[in-house]
Amino acid sequence: MNYQKLDAALATALNDVQNSEETSLGVFIHTEPILNSTATAVLESFGVSGVSSGKDIFTATLSPKAISQLSEQPWVKYLKRSQQLSLLNRKINIGKLGV
């Protein structure tokens with residue numbers, strides 16, 4: 001695993017995962033903008049969709065093992081943890097905003 005390519009949140013999340021084969025971590029994969037057919041095939045083998053030359057950021061849900069393998073690829077710049085977004089489920093009283 002090339003930890004220099006991982007952001008702090010992803011490195012921390014990897015330490016908390018019990019099963020290295022479980023695809024449980026949402027990540028942004030930042031790559032070189034022009035991918036060759038081998039790089040495209042590697043990304044697609046991990047379930048990354050929408051892989052095409054010219055794109056340089058991809059999203060995927062990966063296992064720690066897949067993250068480790070991707071971090072070793074020379075065309076991967078870095079991997080960043082994707083956070084789970086939650087919806088705000090409360091009403092804002094516009095009258096109290098002081099507009």
# chains A, B, ... in the order shown; residues from 1 in each chain; ligands from 1
$ residues_around --residues "segment 38-45 of chain A" --least-positions-apart "6" --cutoff "10 Å" --atoms "only C-alpha atoms" --output "compact mmCIF listing (two decimals) with C-alpha atoms, in the first residue's frame"
# COMPACT_ATOMS: atom_id res chain seq x y z
CA ILE A 29 -9.86 8.04 -7.53
CA THR A 31 -5.72 9.63 -12.03
CA GLU A 32 -3.64 10.94 -14.88
CA VAL A 51 -14.16 5.10 -17.35
CA SER A 52 -12.97 6.99 -20.40
CA SER A 53 -9.81 8.72 -21.53
CA PHE A 58 -13.70 8.55 -10.70
CA ALA A 60 -16.22 3.82 -6.56
CA ALA A 66 -8.58 -2.92 -4.10
CA GLN A 69 -3.73 -2.34 -5.42
CA LEU A 70 -4.83 0.98 -6.94
CA GLN A 73 -0.50 2.04 -9.86
CA PRO A 74 1.74 4.76 -11.35
CA TRP A 75 -1.21 6.44 -13.13
CA VAL A 76 -3.13 6.91 -9.86
$ select_by_dssp --residues "chain A" --states "alpha helix (DSSP H)" --output "list in words"
Ala8, Ala9, Leu10, Ala11, Thr12, Ala13, Leu14, Asn15, Asp16, Ser37, Thr38, Ala39, Thr40, Ala41, Val42, Leu43, Glu44, Ser45, Pro64, Lys65, Ala66, Ile67, Ser68, Gln69, Leu70 and Ser71 of chain A
$ write_last_selection --atoms "N, CA and C atoms" --output "PDB file, in the first residue's frame"
ATOM      1  N   ALA A   8      -5.863  11.453   4.694  1.00  0.00           N
ATOM      2  CA  ALA A   8      -5.891  11.023   6.098  1.00  0.00           C
ATOM      3  C   ALA A   8      -7.182  10.295   6.448  1.00  0.00           C
ATOM      4  N   ALA A   9      -8.316  10.777   5.940  1.00  0.00           N
ATOM      5  CA  ALA A   9      -9.603  10.141   6.251  1.00  0.00           C
ATOM      6  C   ALA A   9      -9.661   8.717   5.708  1.00  0.00           C
ATOM      7  N   LEU A  10      -9.113   8.489   4.523  1.00  0.00           N
ATOM      8  CA  LEU A  10      -9.117   7.147   3.947  1.00  0.00           C
ATOM      9  C   LEU A  10      -8.166   6.228   4.708  1.00  0.00           C
ATOM     10  N   ALA A  11      -6.995   6.719   5.057  1.00  0.00           N
ATOM     11  CA  ALA A  11      -6.037   5.908   5.823  1.00  0.00           C
ATOM     12  C   ALA A  11      -6.634   5.497   7.168  1.00  0.00           C
ATOM     13  N   THR A  12      -7.342   6.413   7.810  1.00  0.00           N
ATOM     14  CA  THR A  12      -7.999   6.108   9.089  1.00  0.00           C
ATOM     15  C   THR A  12      -9.098   5.079   8.902  1.00  0.00           C
ATOM     16  N   ALA A  13      -9.906   5.253   7.864  1.00  0.00           N
ATOM     17  CA  ALA A  13     -11.001   4.315   7.603  1.00  0.00           C
ATOM     18  C   ALA A  13     -10.472   2.916   7.309  1.00  0.00           C
ATOM     19  N   LEU A  14      -9.345   2.824   6.637  1.00  0.00           N
ATOM     20  CA  LEU A  14      -8.762   1.508   6.333  1.00  0.00           C
ATOM     21  C   LEU A  14      -8.392   0.759   7.611  1.00  0.00           C
ATOM     22  N   ASN A  15      -7.951   1.485   8.626  1.00  0.00           N
ATOM     23  CA  ASN A  15      -7.592   0.855   9.900  1.00  0.00           C
ATOM     24  C   ASN A  15      -8.799   0.296  10.634  1.00  0.00           C
ATOM     25  N   ASP A  16      -9.989   0.836  10.353  1.00  0.00           N
ATOM     26  CA  ASP A  16     -11.198   0.409  11.048  1.00  0.00           C
ATOM     27  C   ASP A  16     -11.925  -0.751  10.378  1.00  0.00           C
ATOM     28  N   SER A  37      -5.332   1.578 -22.209  1.00  0.00           N
ATOM     29  CA  SER A  37      -6.325   0.507 -22.128  1.00  0.00           C
ATOM     30  C   SER A  37      -6.114  -0.375 -20.897  1.00  0.00           C
ATOM     31  N   THR A  38      -4.876  -0.537 -20.462  1.00  0.00           N
ATOM     32  CA  THR A  38      -4.602  -1.335 -19.265  1.00  0.00           C
ATOM     33  C   THR A  38      -5.182  -0.661 -18.031  1.00  0.00           C
ATOM     34  N   ALA A  39      -4.961   0.642 -17.893  1.00  0.00           N
ATOM     35  CA  ALA A  39      -5.491   1.383 -16.750  1.00  0.00           C
ATOM     36  C   ALA A  39      -7.009   1.354 -16.751  1.00  0.00           C
ATOM     37  N   THR A  40      -7.607   1.522 -17.921  1.00  0.00           N
ATOM     38  CA  THR A  40      -9.059   1.465 -18.042  1.00  0.00           C
ATOM     39  C   THR A  40      -9.579   0.104 -17.606  1.00  0.00           C
ATOM     40  N   ALA A  41      -8.914  -0.960 -18.041  1.00  0.00           N
ATOM     41  CA  ALA A  41      -9.323  -2.321 -17.671  1.00  0.00           C
ATOM     42  C   ALA A  41      -9.200  -2.554 -16.170  1.00  0.00           C
ATOM     43  N   VAL A  42      -8.150  -2.029 -15.553  1.00  0.00           N
ATOM     44  CA  VAL A  42      -7.971  -2.184 -14.101  1.00  0.00           C
ATOM     45  C   VAL A  42      -9.112  -1.505 -13.351  1.00  0.00           C
ATOM     46  N   LEU A  43      -9.423  -0.263 -13.725  1.00  0.00           N
ATOM     47  CA  LEU A  43     -10.515   0.451 -13.059  1.00  0.00           C
ATOM     48  C   LEU A  43     -11.841  -0.277 -13.240  1.00  0.00           C
ATOM     49  N   GLU A  44     -12.120  -0.730 -14.453  1.00  0.00           N
ATOM     50  CA  GLU A  44     -13.372  -1.438 -14.708  1.00  0.00           C
ATOM     51  C   GLU A  44     -13.442  -2.755 -13.947  1.00  0.00           C
ATOM     52  N   SER A  45     -12.302  -3.410 -13.750  1.00  0.00           N
ATOM     53  CA  SER A  45     -12.292  -4.682 -13.001  1.00  0.00           C
ATOM     54  C   SER A  45     -12.670  -4.476 -11.535  1.00  0.00           C
ATOM     55  N   PRO A  64     -10.579  -2.617   0.960  1.00  0.00           N
ATOM     56  CA  PRO A  64      -9.204  -2.214   1.296  1.00  0.00           C
ATOM     57  C   PRO A  64      -8.158  -2.852   0.380  1.00  0.00           C
ATOM     58  N   LYS A  65      -8.406  -4.097  -0.032  1.00  0.00           N
ATOM     59  CA  LYS A  65      -7.468  -4.776  -0.936  1.00  0.00           C
ATOM     60  C   LYS A  65      -7.401  -4.052  -2.280  1.00  0.00           C
ATOM     61  N   ALA A  66      -8.545  -3.640  -2.822  1.00  0.00           N
ATOM     62  CA  ALA A  66      -8.577  -2.921  -4.098  1.00  0.00           C
ATOM     63  C   ALA A  66      -7.905  -1.557  -3.961  1.00  0.00           C
ATOM     64  N   ILE A  67      -8.132  -0.887  -2.840  1.00  0.00           N
ATOM     65  CA  ILE A  67      -7.497   0.407  -2.595  1.00  0.00           C
ATOM     66  C   ILE A  67      -5.980   0.251  -2.565  1.00  0.00           C
ATOM     67  N   SER A  68      -5.514  -0.790  -1.917  1.00  0.00           N
ATOM     68  CA  SER A  68      -4.081  -1.055  -1.857  1.00  0.00           C
ATOM     69  C   SER A  68      -3.511  -1.268  -3.254  1.00  0.00           C
ATOM     70  N   GLN A  69      -4.207  -2.064  -4.063  1.00  0.00           N
ATOM     71  CA  GLN A  69      -3.729  -2.338  -5.420  1.00  0.00           C
ATOM     72  C   GLN A  69      -3.732  -1.075  -6.280  1.00  0.00           C
ATOM     73  N   LEU A  70      -4.781  -0.263  -6.158  1.00  0.00           N
ATOM     74  CA  LEU A  70      -4.830   0.975  -6.937  1.00  0.00           C
ATOM     75  C   LEU A  70      -3.751   1.965  -6.504  1.00  0.00           C
ATOM     76  N   SER A  71      -3.459   2.004  -5.211  1.00  0.00           N
ATOM     77  CA  SER A  71      -2.456   2.954  -4.714  1.00  0.00           C
ATOM     78  C   SER A  71      -1.070   2.670  -5.282  1.00  0.00           C
TER      79      SER A  71
END
$ residues_around --residues "Lys5 of chain A" --least-positions-apart "5" --cutoff "7 Å" --atoms "only C-alpha atoms" --output "CSV table (one decimal) with N, CA, C and O atoms, in the first residue's frame"
chain,number,residue,atom,x,y,z
A,71,SER,N,-3.5,2.0,-5.2
A,71,SER,CA,-2.5,3.0,-4.7
A,71,SER,C,-1.1,2.7,-5.3
A,71,SER,O,-0.2,3.6,-5.3
A,77,LYS,N,-2.9,9.2,-9.1
A,77,LYS,CA,-2.3,10.3,-8.4
A,77,LYS,C,-2.6,10.2,-6.9
A,77,LYS,O,-1.7,10.2,-6.1
A,78,TYR,N,-3.9,10.1,-6.5
A,78,TYR,CA,-4.2,9.9,-5.1
A,78,TYR,C,-5.6,9.4,-5.0
A,78,TYR,O,-6.4,9.4,-5.9
A,79,LEU,N,-5.9,8.9,-3.8
A,79,LEU,CA,-7.2,8.3,-3.4
A,79,LEU,C,-7.8,9.1,-2.2
A,79,LEU,O,-7.0,9.3,-1.2
$ atom_distance --atom1 "atom CA of Ser82 of chain A" --atom2 "atom CA of Leu25 of chain A"
7.8 Å
$ atom_distance --atom1 "atom CA of Ser49 of chain A" --atom2 "atom CA of Lys80 of chain A"
17.1 Å
$ closest_residue --among "A:Gln83, A:Leu62, A:Val48, A:Glu72" --to "Asn19 of chain A" --atoms "only C-alpha atoms"
A:Leu62
$ select_by_dssp --residues "chain A" --states "strand (DSSP E)" --output "list in words"
Leu25, Gly26, Val27, Phe28, Ile29, His30, Thr31, Ile57, Phe58, Thr59, Ala60, Thr61, Leu62, Val76, Lys77, Tyr78, Leu79, Lys80 and Arg81 of chain A
$ residues_around --residues "Gly54 of chain A" --least-positions-apart "4" --cutoff "8 Å" --atoms "only C-alpha atoms" --output "JSON, numbers by chain"
{"A": [33, 34, 35]}
$ atom_distance --atom1 "atom CA of Gly50 of chain A" --atom2 "atom CA of Gln18 of chain A"
29.3 Å
$ closest_residue --among "A:Leu6, A:Gly47, A:Asp56, A:Arg81" --to "Thr23 of chain A" --atoms "only C-alpha atoms"
A:Gly47
$ decode --residues "segment 14-31 of chain A" --atoms "N, CA and C atoms" --output "compact mmCIF listing (two decimals), in the first residue's frame"
# COMPACT_ATOMS: atom_id res chain seq x y z
N LEU A 14 -9.34 2.82 6.64
CA LEU A 14 -8.76 1.51 6.33
C LEU A 14 -8.39 0.76 7.61
N ASN A 15 -7.95 1.48 8.63
CA ASN A 15 -7.59 0.85 9.90
C ASN A 15 -8.80 0.30 10.63
N ASP A 16 -9.99 0.84 10.35
CA ASP A 16 -11.20 0.41 11.05
C ASP A 16 -11.92 -0.75 10.38
N VAL A 17 -11.52 -1.13 9.17
CA VAL A 17 -12.20 -2.18 8.42
C VAL A 17 -11.71 -3.55 8.90
N GLN A 18 -12.66 -4.43 9.17
CA GLN A 18 -12.34 -5.78 9.65
C GLN A 18 -11.94 -6.72 8.51
N ASN A 19 -12.69 -6.66 7.39
CA ASN A 19 -12.51 -7.60 6.28
C ASN A 19 -11.91 -6.88 5.09
N SER A 20 -10.70 -7.26 4.67
CA SER A 20 -10.01 -6.56 3.58
C SER A 20 -10.63 -6.84 2.22
N GLU A 21 -11.54 -7.83 2.15
CA GLU A 21 -12.18 -8.17 0.88
C GLU A 21 -13.53 -7.46 0.72
N GLU A 22 -14.06 -6.89 1.79
CA GLU A 22 -15.39 -6.28 1.76
C GLU A 22 -15.35 -4.92 1.07
N THR A 23 -16.22 -4.73 0.06
CA THR A 23 -16.28 -3.44 -0.64
C THR A 23 -17.17 -2.50 0.14
N SER A 24 -16.54 -1.70 1.00
CA SER A 24 -17.32 -0.88 1.92
C SER A 24 -16.89 0.58 1.97
N LEU A 25 -15.83 0.95 1.25
CA LEU A 25 -15.31 2.31 1.36
C LEU A 25 -15.54 3.09 0.07
N GLY A 26 -16.26 4.19 0.19
CA GLY A 26 -16.47 5.08 -0.95
C GLY A 26 -15.23 5.94 -1.15
N VAL A 27 -14.71 5.97 -2.37
CA VAL A 27 -13.50 6.73 -2.64
C VAL A 27 -13.60 7.52 -3.94
N PHE A 28 -12.83 8.61 -3.99
CA PHE A 28 -12.58 9.33 -5.23
C PHE A 28 -11.21 8.88 -5.69
N ILE A 29 -11.12 8.49 -6.95
CA ILE A 29 -9.86 8.04 -7.53
C ILE A 29 -9.39 9.13 -8.48
N HIS A 30 -8.28 9.76 -8.16
CA HIS A 30 -7.71 10.81 -9.01
C HIS A 30 -6.57 10.20 -9.81
N THR A 31 -6.69 10.27 -11.15
CA THR A 31 -5.72 9.63 -12.03
C THR A 31 -5.10 10.64 -12.99
